[in-house]
file structure.json (JSON, C-alpha atoms)
[["chain", "number", "residue", "atom", "x", "y", "z"],
["A", 7, "MET", "CA", 43.73, 28.02, 10.41],
["A", 8, "VAL", "CA", 45.25, 27.89, 6.92],
["A", 9, "GLU", "CA", 41.74, 27.72, 5.46],
["A", 10, "MET", "CA", 40.66, 30.82, 7.42],
["A", 11, "ALA", "CA", 43.70, 32.77, 6.27],
["A", 12, "ALA", "CA", 43.03, 31.69, 2.68],
["A", 13, "ARG", "CA", 39.39, 32.77, 2.94],
["A", 14, "ARG", "CA", 40.42, 36.17, 4.37],
["A", 15, "GLU", "CA", 42.93, 36.57, 1.59],
["A", 16, "GLY", "CA", 40.28, 35.62, -0.94],
["A", 17, "ARG", "CA", 37.81, 38.17, 0.47],
["A", 18, "THR", "CA", 40.46, 40.90, 0.38],
["A", 19, "GLY", "CA", 41.30, 39.98, -3.20],
["A", 20, "ALA", "CA", 37.64, 40.06, -4.17],
["A", 21, "LEU", "CA", 37.09, 43.51, -2.62],
["A", 22, "LEU", "CA", 40.25, 44.84, -4.23],
["A", 23, "ALA", "CA", 39.35, 43.43, -7.65],
["A", 24, "ILE", "CA", 35.78, 44.72, -7.53],
["A", 25, "GLY", "CA", 36.88, 48.05, -6.05],
["A", 26, "VAL", "CA", 39.68, 48.75, -8.51],
["A", 27, "GLY", "CA", 37.76, 47.45, -11.54],
["A", 28, "GLY", "CA", 34.52, 49.20, -10.61],
["A", 29, "LEU", "CA", 36.09, 52.52, -9.64],
["A", 30, "VAL", "CA", 38.35, 52.72, -12.72],
["A", 31, "ALA", "CA", 35.44, 51.74, -14.99],
["A", 32, "GLY", "CA", 33.10, 54.20, -13.26],
["A", 33, "GLY", "CA", 35.68, 56.99, -13.38],
["A", 34, "ALA", "CA", 36.62, 56.46, -17.03],
["A", 35, "ASP", "CA", 32.99, 56.13, -18.13],
["A", 36, "LEU", "CA", 31.89, 59.26, -16.25],
["A", 37, "LEU", "CA", 34.86, 61.20, -17.62],
["A", 38, "GLN", "CA", 34.13, 60.27, -21.24],
["A", 39, "ALA", "CA", 30.41, 60.99, -20.75],
["A", 40, "CYS", "CA", 31.15, 64.45, -19.28],
["A", 41, "VAL", "CA", 33.62, 65.25, -22.09],
["A", 42, "GLN", "CA", 31.05, 64.22, -24.70],
["A", 43, "HIS", "CA", 27.81, 65.51, -23.17],
["A", 44, "GLY", "CA", 28.90, 68.15, -20.65],
["A", 45, "GLY", "CA", 28.94, 68.43, -16.87],
["A", 46, "ARG", "CA", 25.19, 67.84, -16.47],
["A", 47, "VAL", "CA", 25.59, 64.07, -17.01],
["A", 48, "PRO", "CA", 25.40, 63.30, -13.23],
["A", 49, "LEU", "CA", 22.02, 65.10, -13.17],
["A", 50, "LEU", "CA", 20.79, 62.83, -15.97],
["A", 51, "ILE", "CA", 21.95, 59.78, -14.04],
["A", 52, "ALA", "CA", 20.19, 61.03, -10.92],
["A", 53, "GLY", "CA", 17.11, 61.46, -13.15],
["A", 54, "GLY", "CA", 17.07, 57.67, -13.40],
["A", 55, "LEU", "CA", 16.01, 57.57, -9.77],
["A", 56, "LEU", "CA", 14.32, 60.95, -9.20],
["A", 57, "GLY", "CA", 12.72, 61.53, -12.60],
["A", 58, "ALA", "CA", 12.21, 65.10, -13.85],
["A", 59, "ARG", "CA", 12.97, 66.59, -10.39],
["A", 60, "ALA", "CA", 16.68, 65.93, -10.98],
["A", 61, "GLU", "CA", 16.81, 68.65, -13.64],
["A", 62, "GLN", "CA", 16.60, 71.32, -10.90],
["A", 63, "GLY", "CA", 20.18, 70.44, -10.05],
["A", 64, "GLY", "CA", 21.89, 71.15, -6.74],
["A", 65, "ALA", "CA", 24.89, 69.66, -5.00],
["A", 66, "TRP", "CA", 23.10, 66.65, -3.54],
["A", 67, "VAL", "CA", 21.50, 65.72, -6.87],
["A", 68, "TYR", "CA", 24.96, 65.86, -8.50],
["A", 69, "ALA", "CA", 26.33, 63.72, -5.68],
["A", 70, "LEU", "CA", 23.44, 61.28, -6.03],
["A", 71, "GLY", "CA", 24.14, 60.97, -9.78],
["A", 72, "VAL", "CA", 27.83, 60.28, -9.17],
["A", 73, "ALA", "CA", 27.04, 57.79, -6.37],
["A", 74, "LEU", "CA", 24.50, 55.97, -8.56],
["A", 75, "HIS", "CA", 26.98, 55.82, -11.41],
["A", 76, "PHE", "CA", 29.70, 54.30, -9.27],
["A", 77, "GLY", "CA", 27.16, 52.00, -7.61],
["A", 78, "ILE", "CA", 26.26, 50.61, -11.05],
["A", 79, "ALA", "CA", 29.93, 50.26, -12.05],
["A", 80, "LEU", "CA", 30.78, 48.44, -8.80],
["A", 81, "THR", "CA", 27.76, 46.16, -9.27],
["A", 82, "ALA", "CA", 28.94, 45.30, -12.79],
["A", 83, "ALA", "CA", 32.42, 44.57, -11.43],
["A", 84, "GLY", "CA", 30.87, 42.39, -8.70],
["A", 85, "ILE", "CA", 28.93, 40.39, -11.30],
["A", 86, "TYR", "CA", 32.07, 39.91, -13.41],
["A", 87, "TYR", "CA", 34.06, 38.81, -10.37],
["A", 88, "ALA", "CA", 31.36, 36.34, -9.28],
["A", 89, "ALA", "CA", 31.00, 34.88, -12.78],
["A", 90, "SER", "CA", 34.77, 34.61, -13.17],
["A", 91, "ARG", "CA", 34.93, 32.31, -10.13],
["A", 92, "ARG", "CA", 32.92, 29.72, -12.08],
["A", 93, "LEU", "CA", 34.07, 30.50, -15.63],
["A", 94, "GLN", "CA", 37.84, 30.40, -15.47],
["A", 95, "PHE", "CA", 38.25, 31.63, -19.05],
["A", 96, "MET", "CA", 37.05, 35.05, -17.90],
["A", 97, "THR", "CA", 40.35, 35.59, -16.11],
["A", 98, "GLU", "CA", 42.46, 33.73, -18.69],
["A", 99, "TYR", "CA", 41.13, 35.70, -21.67],
["A", 100, "SER", "CA", 40.64, 39.13, -20.10],
["A", 101, "LEU", "CA", 40.74, 41.09, -23.35],
["A", 102, "LEU", "CA", 38.01, 39.09, -25.06],
["A", 103, "SER", "CA", 35.88, 38.62, -21.95],
["A", 104, "GLY", "CA", 36.26, 42.27, -20.95],
["A", 105, "LEU", "CA", 35.21, 43.58, -24.34],
["A", 106, "TYR", "CA", 32.19, 41.26, -24.42],
["A", 107, "PHE", "CA", 31.27, 42.16, -20.85],
["A", 108, "GLY", "CA", 31.44, 45.87, -21.67],
["A", 109, "LEU", "CA", 29.18, 45.25, -24.66],
["A", 110, "SER", "CA", 26.72, 43.42, -22.42],
["A", 111, "VAL", "CA", 26.78, 46.22, -19.85],
["A", 112, "GLY", "CA", 26.00, 48.71, -22.63],
["A", 113, "LEU", "CA", 23.11, 46.59, -23.91],
["A", 114, "VAL", "CA", 21.64, 46.02, -20.44],
["A", 115, "MET", "CA", 21.84, 49.75, -19.67],
["A", 116, "ASP", "CA", 20.43, 50.90, -23.03],
["A", 117, "LEU", "CA", 17.76, 48.26, -23.51],
["A", 118, "ILE", "CA", 16.65, 47.34, -20.00],
["A", 119, "VAL", "CA", 17.74, 49.85, -17.34],
["A", 120, "LEU", "CA", 17.00, 53.12, -19.21],
["A", 121, "PRO", "CA", 13.46, 52.09, -20.27],
["A", 122, "LEU", "CA", 12.61, 50.74, -16.80],
["A", 123, "CYS", "CA", 14.12, 53.50, -14.60],
["A", 124, "ALA", "CA", 12.48, 56.86, -13.89],
["A", 125, "LEU", "CA", 13.84, 58.23, -17.20],
["A", 126, "HIS", "CA", 11.48, 55.86, -19.08],
["A", 127, "ASP", "CA", 13.65, 56.18, -22.17],
["A", 128, "THR", "CA", 11.88, 53.98, -24.71],
["A", 129, "ASP", "CA", 12.83, 55.98, -27.84],
["A", 130, "PRO", "CA", 14.23, 53.90, -30.73],
["A", 131, "TRP", "CA", 18.05, 53.93, -30.86],
["A", 132, "PRO", "CA", 19.75, 55.50, -33.92],
["A", 133, "ILE", "CA", 22.19, 52.85, -35.18],
["A", 134, "GLN", "CA", 25.26, 55.12, -35.02],
["A", 135, "THR", "CA", 24.53, 56.25, -31.46],
["A", 136, "LEU", "CA", 24.03, 52.66, -30.33],
["A", 137, "VAL", "CA", 27.27, 51.50, -31.99],
["A", 138, "TYR", "CA", 29.35, 54.37, -30.49],
["A", 139, "GLY", "CA", 27.86, 53.78, -27.05],
["A", 140, "LEU", "CA", 28.57, 50.05, -27.17],
["A", 141, "VAL", "CA", 32.16, 50.50, -28.38],
["A", 142, "GLN", "CA", 32.81, 53.03, -25.58],
["A", 143, "LYS", "CA", 31.39, 50.69, -22.95],
["A", 144, "MET", "CA", 33.49, 47.81, -24.29],
["A", 145, "ILE", "CA", 36.67, 49.83, -23.73],
["A", 146, "VAL", "CA", 36.06, 52.06, -20.71],
["A", 147, "VAL", "CA", 33.89, 49.66, -18.69],
["A", 148, "GLY", "CA", 34.65, 46.12, -19.85],
["A", 149, "LEU", "CA", 38.43, 46.25, -19.96],
["A", 150, "PRO", "CA", 39.10, 47.91, -16.56],
["A", 151, "ILE", "CA", 36.76, 45.44, -14.84],
["A", 152, "ALA", "CA", 38.24, 42.39, -16.59],
["A", 153, "TYR", "CA", 41.84, 43.40, -15.89],
["A", 154, "GLY", "CA", 40.97, 44.52, -12.35],
["A", 155, "VAL", "CA", 39.64, 41.01, -11.66],
["A", 156, "ARG", "CA", 42.59, 39.38, -13.43],
["A", 157, "TRP", "CA", 45.23, 41.32, -11.54],
["A", 158, "PHE", "CA", 43.65, 41.60, -8.10],
["A", 159, "GLY", "CA", 41.04, 38.84, -7.94],
["A", 160, "GLY", "CA", 43.39, 36.10, -6.81],
["A", 161, "ARG", "CA", 43.31, 32.58, -8.17],
["A", 162, "GLN", "CA", 40.40, 30.21, -8.01],
["A", 163, "ILE", "CA", 40.44, 26.45, -7.60],
["A", 164, "ALA", "CA", 37.38, 24.38, -8.50],
["A", 165, "GLY", "CA", 35.10, 27.37, -8.18],
["A", 166, "ASP", "CA", 36.29, 28.38, -4.71],
["A", 167, "VAL", "CA", 38.06, 31.60, -3.87],
["A", 168, "LEU", "CA", 41.56, 31.03, -2.56],
["B", 20, "MET", "CA", 57.81, 3.49, -42.41],
["B", 21, "GLU", "CA", 57.62, 7.07, -43.72],
["B", 22, "ALA", "CA", 54.75, 6.10, -46.01],
["B", 23, "THR", "CA", 52.81, 4.68, -43.04],
["B", 24, "VAL", "CA", 53.29, 7.89, -41.03],
["B", 25, "THR", "CA", 52.19, 10.00, -44.02],
["B", 26, "MET", "CA", 49.11, 7.80, -44.48],
["B", 27, "GLN", "CA", 48.24, 8.10, -40.79],
["B", 28, "HIS", "CA", 48.55, 11.89, -41.04],
["B", 29, "SER", "CA", 46.36, 12.08, -44.14],
["B", 30, "THR", "CA", 43.70, 9.84, -42.53],
["B", 31, "LYS", "CA", 43.77, 12.07, -39.44],
["B", 32, "ASP", "CA", 43.46, 15.22, -41.59],
["B", 33, "ARG", "CA", 40.59, 13.71, -43.56],
["B", 34, "ARG", "CA", 38.74, 12.83, -40.34],
["B", 35, "LYS", "CA", 39.33, 16.31, -38.98],
["B", 36, "THR", "CA", 37.99, 17.90, -42.18],
["B", 37, "GLN", "CA", 34.95, 15.63, -42.10],
["B", 38, "SER", "CA", 34.20, 16.47, -38.48],
["B", 39, "ALA", "CA", 34.63, 20.18, -39.20],
["B", 40, "LEU", "CA", 32.21, 20.01, -42.15],
["B", 41, "LEU", "CA", 29.73, 18.01, -40.06],
["B", 42, "ALA", "CA", 29.89, 20.47, -37.15],
["B", 43, "ILE", "CA", 29.54, 23.51, -39.41],
["B", 44, "GLY", "CA", 26.88, 21.86, -41.57],
["B", 45, "VAL", "CA", 24.69, 20.62, -38.71],
["B", 46, "GLY", "CA", 25.08, 23.79, -36.64],
["B", 47, "GLY", "CA", 24.57, 26.16, -39.56],
["B", 48, "LEU", "CA", 21.62, 24.30, -41.07],
["B", 49, "VAL", "CA", 19.77, 23.81, -37.78],
["B", 50, "ALA", "CA", 20.35, 27.47, -36.86],
["B", 51, "ALA", "CA", 19.20, 28.61, -40.33],
["B", 52, "ALA", "CA", 16.08, 26.44, -40.25],
["B", 53, "LEU", "CA", 15.03, 27.51, -36.74],
["B", 54, "ASP", "CA", 15.75, 31.17, -37.45],
["B", 55, "LEU", "CA", 13.82, 31.15, -40.73],
["B", 56, "LEU", "CA", 10.94, 29.30, -39.10],
["B", 57, "GLN", "CA", 10.63, 31.80, -36.25],
["B", 58, "ALA", "CA", 10.99, 34.74, -38.66],
["B", 59, "CYS", "CA", 8.24, 33.37, -40.95],
["B", 60, "VAL", "CA", 5.95, 32.75, -37.95],
["B", 61, "LEU", "CA", 6.57, 36.26, -36.57],
["B", 62, "PHE", "CA", 6.68, 38.30, -39.79],
["B", 63, "GLY", "CA", 5.13, 36.09, -42.48],
["B", 64, "HIS", "CA", 6.88, 34.39, -45.42],
["B", 65, "GLU", "CA", 7.53, 37.77, -47.08],
["B", 66, "ILE", "CA", 10.55, 37.95, -44.79],
["B", 67, "ILE", "CA", 12.39, 35.73, -47.29],
["B", 68, "LEU", "CA", 12.03, 38.48, -49.91],
["B", 69, "VAL", "CA", 13.40, 41.00, -47.39],
["B", 70, "ILE", "CA", 16.52, 38.82, -47.07],
["B", 71, "ALA", "CA", 16.88, 38.75, -50.88],
["B", 72, "GLU", "CA", 16.57, 42.57, -50.88],
["B", 73, "GLY", "CA", 19.82, 42.63, -48.95],
["B", 74, "LEU", "CA", 21.59, 41.59, -52.14],
["B", 75, "VAL", "CA", 19.41, 42.82, -55.02],
["B", 76, "GLY", "CA", 17.79, 45.89, -53.43],
["B", 77, "ASP", "CA", 14.17, 46.84, -54.17],
["B", 78, "ARG", "CA", 13.92, 44.33, -57.02],
["B", 79, "GLY", "CA", 13.64, 41.58, -54.41],
["B", 80, "ALA", "CA", 10.25, 42.91, -53.32],
["B", 81, "GLN", "CA", 8.72, 41.87, -56.68],
["B", 82, "GLY", "CA", 8.55, 38.32, -55.39],
["B", 83, "GLY", "CA", 8.66, 35.20, -57.51],
["B", 84, "VAL", "CA", 10.32, 31.81, -57.14],
["B", 85, "PHE", "CA", 13.79, 33.16, -57.98],
["B", 86, "TYR", "CA", 13.82, 35.80, -55.24],
["B", 87, "TYR", "CA", 12.32, 33.40, -52.70],
["B", 88, "GLY", "CA", 15.05, 30.91, -53.58],
["B", 89, "LEU", "CA", 17.71, 33.59, -53.39],
["B", 90, "GLY", "CA", 16.46, 34.70, -49.97],
["B", 91, "VAL", "CA", 16.60, 31.17, -48.58],
["B", 92, "VAL", "CA", 20.05, 30.52, -50.07],
["B", 93, "LEU", "CA", 21.41, 33.81, -48.65],
["B", 94, "HIS", "CA", 19.94, 33.03, -45.22],
["B", 95, "VAL", "CA", 21.46, 29.54, -45.13],
["B", 96, "PHE", "CA", 24.80, 30.88, -46.41],
["B", 97, "ILE", "CA", 24.93, 33.49, -43.63],
["B", 98, "ALA", "CA", 24.11, 30.85, -40.98],
["B", 99, "LEU", "CA", 26.79, 28.50, -42.32],
["B", 100, "THR", "CA", 29.31, 31.37, -42.33],
["B", 101, "PHE", "CA", 28.58, 32.14, -38.69],
["B", 102, "ALA", "CA", 28.85, 28.42, -37.83],
["B", 103, "ALA", "CA", 32.20, 28.22, -39.63],
["B", 104, "PHE", "CA", 33.44, 31.29, -37.75],
["B", 105, "TYR", "CA", 32.43, 29.75, -34.43],
["B", 106, "TYR", "CA", 34.18, 26.52, -35.38],
["B", 107, "ALA", "CA", 37.36, 28.33, -36.45],
["B", 108, "VAL", "CA", 37.55, 30.44, -33.28],
["B", 109, "SER", "CA", 36.75, 27.44, -31.07],
["B", 110, "ARG", "CA", 39.93, 25.73, -32.36],
["B", 111, "LYS", "CA", 41.95, 28.43, -30.58],
["B", 112, "LEU", "CA", 39.64, 29.19, -27.65],
["B", 113, "LYS", "CA", 38.92, 25.83, -26.06],
["B", 114, "PHE", "CA", 36.41, 27.26, -23.60],
["B", 115, "MET", "CA", 33.98, 27.70, -26.49],
["B", 116, "THR", "CA", 33.50, 23.94, -26.64],
["B", 117, "GLU", "CA", 33.75, 23.48, -22.88],
["B", 118, "TYR", "CA", 30.96, 25.96, -22.11],
["B", 119, "PRO", "CA", 28.55, 25.68, -25.07],
["B", 120, "LEU", "CA", 25.57, 27.11, -23.15],
["B", 121, "VAL", "CA", 27.25, 30.37, -22.10],
["B", 122, "CYS", "CA", 29.27, 30.75, -25.28],
["B", 123, "GLY", "CA", 26.37, 29.82, -27.55],
["B", 124, "LEU", "CA", 24.06, 32.37, -25.95],
["B", 125, "CYS", "CA", 26.78, 35.06, -26.14],
["B", 126, "TYR", "CA", 27.51, 34.13, -29.75],
["B", 127, "GLY", "CA", 23.82, 34.34, -30.72],
["B", 128, "ALA", "CA", 23.67, 37.85, -29.25],
["B", 129, "GLY", "CA", 26.85, 38.73, -31.16],
["B", 130, "VAL", "CA", 25.32, 37.45, -34.41],
["B", 131, "GLN", "CA", 22.21, 39.60, -33.87],
["B", 132, "LEU", "CA", 24.35, 42.71, -33.18],
["B", 133, "VAL", "CA", 26.55, 42.13, -36.24],
["B", 134, "MET", "CA", 23.48, 41.66, -38.45],
["B", 135, "MET", "CA", 21.53, 44.64, -37.07],
["B", 136, "LEU", "CA", 24.36, 47.14, -36.64],
["B", 137, "ILE", "CA", 26.75, 46.27, -39.46],
["B", 138, "VAL", "CA", 25.27, 43.99, -42.15],
["B", 139, "LEU", "CA", 21.80, 45.55, -42.52],
["B", 140, "PRO", "CA", 23.07, 49.17, -42.80],
["B", 141, "LEU", "CA", 25.84, 48.18, -45.26],
["B", 142, "CYS", "CA", 23.95, 45.75, -47.53],
["B", 143, "ALA", "CA", 21.60, 46.75, -50.37],
["B", 144, "PHE", "CA", 18.80, 46.95, -47.80],
["B", 145, "HIS", "CA", 20.45, 50.13, -46.41],
["B", 146, "GLN", "CA", 18.80, 49.95, -43.00],
["B", 147, "ARG", "CA", 19.02, 53.45, -41.50],
["B", 148, "ASP", "CA", 15.96, 53.61, -39.26],
["B", 149, "PRO", "CA", 16.48, 53.83, -35.50],
["B", 150, "ILE", "CA", 16.10, 50.47, -33.77],
["B", 151, "PRO", "CA", 13.12, 50.06, -31.42],
["B", 152, "VAL", "CA", 14.13, 48.90, -27.93],
["B", 153, "LYS", "CA", 11.51, 46.11, -27.85],
["B", 154, "GLY", "CA", 12.46, 44.82, -31.30],
["B", 155, "MET", "CA", 16.15, 44.75, -30.39],
["B", 156, "LEU", "CA", 15.50, 42.89, -27.12],
["B", 157, "GLU", "CA", 13.30, 40.32, -28.86],
["B", 158, "GLY", "CA", 15.85, 39.89, -31.65],
["B", 159, "LEU", "CA", 18.66, 39.35, -29.16],
["B", 160, "ALA", "CA", 16.72, 36.82, -27.09],
["B", 161, "ILE", "CA", 15.56, 34.88, -30.17],
["B", 162, "HIS", "CA", 18.97, 34.75, -31.85],
["B", 163, "MET", "CA", 20.69, 33.74, -28.61],
["B", 164, "VAL", "CA", 18.49, 30.64, -28.56],
["B", 165, "VAL", "CA", 17.80, 29.70, -32.19],
["B", 166, "VAL", "CA", 21.20, 30.65, -33.68],
["B", 167, "GLY", "CA", 23.78, 30.61, -30.88],
["B", 168, "LEU", "CA", 22.83, 27.37, -29.14],
["B", 169, "PRO", "CA", 22.54, 25.07, -32.21],
["B", 170, "ILE", "CA", 25.91, 26.26, -33.50],
["B", 171, "ALA", "CA", 27.67, 25.94, -30.13],
["B", 172, "TYR", "CA", 26.26, 22.48, -29.37],
["B", 173, "ALA", "CA", 26.91, 21.18, -32.91],
["B", 174, "VAL", "CA", 30.55, 22.27, -32.69],
["B", 175, "ARG", "CA", 30.84, 20.65, -29.26],
["B", 176, "ARG", "CA", 29.15, 17.43, -30.41],
["B", 177, "PHE", "CA", 30.68, 16.91, -33.85],
["B", 178, "ALA", "CA", 34.01, 18.74, -34.00],
["B", 179, "ARG", "CA", 37.12, 16.78, -33.15],
["B", 180, "ASN", "CA", 39.33, 18.50, -30.61],
["B", 181, "ALA", "CA", 42.59, 16.98, -31.88]]

call {"tool": "encode", "arguments": {"input": "structure.json", "output": "structure tokens"}}
result
Amino acid sequence: MVEMAARREGRTGALLAIGVGGLVAGGADLLQACVQHGGRVPLLIAGGLLGARAEQGGAWVYALGVALHFGIALTAAGIYYAASRRLQFMTEYSLLSGLYFGLSVGLVMDLIVLPLCALHDTDPWPIQTLVYGLVQKMIVVGLPIAYGVRWFGGRQIAGDVL
Amino acid sequence: MEATVTMQHSTKDRRKTQSALLAIGVGGLVAAALDLLQACVLFGHEIILVIAEGLVGDRGAQGGVFYYGLGVVLHVFIALTFAAFYYAVSRKLKFMTEYPLVCGLCYGAGVQLVMMLIVLPLCAFHQRDPIPVKGMLEGLAIHMVVVGLPIAYAVRRFARNA
């Protein structure tokens, strides 16, 4: 009975941590991207799935771009949450772990996802662009996810969610 | 009585210094050797002159025993510096010795990013060219293994925690 209640509490904590972290990271990242590159950013994101067709625009393509973006952010938050159940230091040192996680998210997106998705972006990265992008991801993606998991993820004992 | 306590402290300090030097020395030298070996296999032994160019500019390309020696010394010095940094940080962040696999791989990636995005553009080599995606991915994977892991495991194996 107590175990079931603890499990339910753990599941709620996990969903809350992933939800808050992922949504804040997704929102902040989309906001900074739109401020920097304009309102067509969701179309570019949708282009990752649809290819060149996404450039035509339209409400559903915009919505698809936004949904994809938040899907990726929530996935990243899910990965951080899952890893933090095994590696306790990820919740103890949220600042450091969050910044490094944001850096990793930036690298995975720039070096693996963009070349492999329908955008097929294999152009070499100018150093300055890469550095700015990574620093932004460290702050607007890594930190919200790390602190979301720290504040809402509940405590873990010997790798189990409690 | 006081003299005995002082002697015990100085013996403890000496042991700690010795273990620190051993950890940094073994980690840094193994990382340097493996990294230089893989670089020479991949790019030829001219890569040593490219390292020397980081300090002396175009003159390094002339070749000769001096510039080869300088290149090797610089390479080993950089590896030892990174090993010392890992050691110093691991004194505060205990998880770096508890999880050498994860932390070593992350540290190797960090070393590659620092070298590619900060050191190479700022040194006499003045790297300005955009970075190819494939080259960056290969560099990250290689440095995670040949630089990060030797340093992390040497610090775990040889450094005293007291």

call {"tool": "closest_residue", "arguments": {"input": "structure.json", "among": "B:Ser109, B:Ala50, B:Leu159, B:Val152", "to": "Arg179 (chain B)", "atoms": "all atoms listed in the file"}}
result
B:Ser109

call {"tool": "atom_distance", "arguments": {"input": "structure.json", "atom1": "CA of Leu139 (chain B)", "atom2": "CA of Val84 (chain B)"}}
result
23.1 Å

call {"tool": "interface_residues", "arguments": {"input": "structure.json", "of": "chain B", "to": "chain A", "cutoff": "12 Å", "atoms": "all atoms listed in the file", "output": "NGL selection string"}}
result
:B and (108 or 111-122 or 124-126 or 128-129 or 132-141 or 145-159)

call {"tool": "write_last_selection", "arguments": {"input": "structure.json", "atoms": "C-alpha atoms", "output": "compact mmCIF listing (two decimals), keeping the file's coordinate frame"}}
result
# COMPACT_ATOMS: atom_id res chain seq x y z
CA VAL B 108 37.55 30.44 -33.28
CA LYS B 111 41.95 28.43 -30.58
CA LEU B 112 39.64 29.19 -27.65
CA LYS B 113 38.92 25.83 -26.06
CA PHE B 114 36.41 27.26 -23.60
CA MET B 115 33.98 27.70 -26.49
CA THR B 116 33.50 23.94 -26.64
CA GLU B 117 33.75 23.48 -22.88
CA TYR B 118 30.96 25.96 -22.11
CA PRO B 119 28.55 25.68 -25.07
CA LEU B 120 25.57 27.11 -23.15
CA VAL B 121 27.25 30.37 -22.10
CA CYS B 122 29.27 30.75 -25.28
CA LEU B 124 24.06 32.37 -25.95
CA CYS B 125 26.78 35.06 -26.14
CA TYR B 126 27.51 34.13 -29.75
CA ALA B 128 23.67 37.85 -29.25
CA GLY B 129 26.85 38.73 -31.16
CA LEU B 132 24.35 42.71 -33.18
CA VAL B 133 26.55 42.13 -36.24
CA MET B 134 23.48 41.66 -38.45
CA MET B 135 21.53 44.64 -37.07
CA LEU B 136 24.36 47.14 -36.64
CA ILE B 137 26.75 46.27 -39.46
CA VAL B 138 25.27 43.99 -42.15
CA LEU B 139 21.80 45.55 -42.52
CA PRO B 140 23.07 49.17 -42.80
CA LEU B 141 25.84 48.18 -45.26
CA HIS B 145 20.45 50.13 -46.41
CA GLN B 146 18.80 49.95 -43.00
CA ARG B 147 19.02 53.45 -41.50
CA ASP B 148 15.96 53.61 -39.26
CA PRO B 149 16.48 53.83 -35.50
CA ILE B 150 16.10 50.47 -33.77
CA PRO B 151 13.12 50.06 -31.42
CA VAL B 152 14.13 48.90 -27.93
CA LYS B 153 11.51 46.11 -27.85
CA GLY B 154 12.46 44.82 -31.30
CA MET B 155 16.15 44.75 -30.39
CA LEU B 156 15.50 42.89 -27.12
CA GLU B 157 13.30 40.32 -28.86
CA GLY B 158 15.85 39.89 -31.65
CA LEU B 159 18.66 39.35 -29.16

call {"tool": "residues_near_point", "arguments": {"input": "structure.json", "point": "(38.7, 39.2, -15.3)", "cutoff": "7 Å", "atoms": "only C-alpha atoms", "output": "list of chain:residue names"}}
result
A:Tyr86, A:Tyr87, A:Ser90, A:Met96, A:Thr97, A:Ser100, A:Gly104, A:Ile151, A:Ala152, A:Tyr153, A:Gly154, A:Val155, A:Arg156

call {"tool": "atom_distance", "arguments": {"input": "structure.json", "atom1": "CA of Leu125 (chain A)", "atom2": "CA of Asp35 (chain A)"}}
result
19.3 Å

call {"tool": "atom_distance", "arguments": {"input": "structure.json", "atom1": "CA of Leu49 (chain A)", "atom2": "CA of Tyr68 (chain A)"}}
result
5.6 Å

call {"tool": "residues_around", "arguments": {"input": "structure.json", "residues": "Val45 (chain B)", "least_positions_apart": "3", "cutoff": "9 Å", "atoms": "all atoms listed in the file", "output": "JSON, numbers by chain"}}
result
{"B": [40, 41, 42, 48, 49, 50, 99, 102, 169, 170, 173, 174, 177]}

call {"tool": "build_atoms", "arguments": {"input": "structure.json", "residues": "region 77-88 of chain A", "atoms": "N, CA and C atoms", "output": "PDB file, in the coordinates of the input"}}
result
ATOM      1  N   GLY A  77      27.865  53.176  -8.121  1.00  0.00           N
ATOM      2  CA  GLY A  77      27.160  52.000  -7.610  1.00  0.00           C
ATOM      3  C   GLY A  77      26.925  50.989  -8.730  1.00  0.00           C
ATOM      4  N   ILE A  78      26.504  51.498  -9.894  1.00  0.00           N
ATOM      5  CA  ILE A  78      26.260  50.610 -11.050  1.00  0.00           C
ATOM      6  C   ILE A  78      27.566  49.973 -11.507  1.00  0.00           C
ATOM      7  N   ALA A  79      28.638  50.790 -11.585  1.00  0.00           N
ATOM      8  CA  ALA A  79      29.930  50.260 -12.050  1.00  0.00           C
ATOM      9  C   ALA A  79      30.451  49.188 -11.090  1.00  0.00           C
ATOM     10  N   LEU A  80      30.313  49.435  -9.781  1.00  0.00           N
ATOM     11  CA  LEU A  80      30.780  48.440  -8.800  1.00  0.00           C
ATOM     12  C   LEU A  80      29.931  47.177  -8.864  1.00  0.00           C
ATOM     13  N   THR A  81      28.632  47.333  -9.124  1.00  0.00           N
ATOM     14  CA  THR A  81      27.760  46.160  -9.270  1.00  0.00           C
ATOM     15  C   THR A  81      28.201  45.325 -10.464  1.00  0.00           C
ATOM     16  N   ALA A  82      28.485  46.019 -11.582  1.00  0.00           N
ATOM     17  CA  ALA A  82      28.940  45.300 -12.790  1.00  0.00           C
ATOM     18  C   ALA A  82      30.243  44.556 -12.491  1.00  0.00           C
ATOM     19  N   ALA A  83      31.154  45.224 -11.775  1.00  0.00           N
ATOM     20  CA  ALA A  83      32.420  44.570 -11.430  1.00  0.00           C
ATOM     21  C   ALA A  83      32.173  43.365 -10.518  1.00  0.00           C
ATOM     22  N   GLY A  84      31.220  43.499  -9.593  1.00  0.00           N
ATOM     23  CA  GLY A  84      30.870  42.390  -8.700  1.00  0.00           C
ATOM     24  C   GLY A  84      30.337  41.193  -9.479  1.00  0.00           C
ATOM     25  N   ILE A  85      29.485  41.476 -10.475  1.00  0.00           N
ATOM     26  CA  ILE A  85      28.930  40.390 -11.300  1.00  0.00           C
ATOM     27  C   ILE A  85      30.055  39.698 -12.082  1.00  0.00           C
ATOM     28  N   TYR A  86      30.967  40.507 -12.643  1.00  0.00           N
ATOM     29  CA  TYR A  86      32.070  39.910 -13.410  1.00  0.00           C
ATOM     30  C   TYR A  86      32.927  39.045 -12.489  1.00  0.00           C
ATOM     31  N   TYR A  87      33.220  39.572 -11.308  1.00  0.00           N
ATOM     32  CA  TYR A  87      34.060  38.810 -10.370  1.00  0.00           C
ATOM     33  C   TYR A  87      33.385  37.485 -10.015  1.00  0.00           C
ATOM     34  N   ALA A  88      32.081  37.552  -9.680  1.00  0.00           N
ATOM     35  CA  ALA A  88      31.360  36.340  -9.280  1.00  0.00           C
ATOM     36  C   ALA A  88      31.333  35.329 -10.424  1.00  0.00           C
TER      37      ALA A  88
END
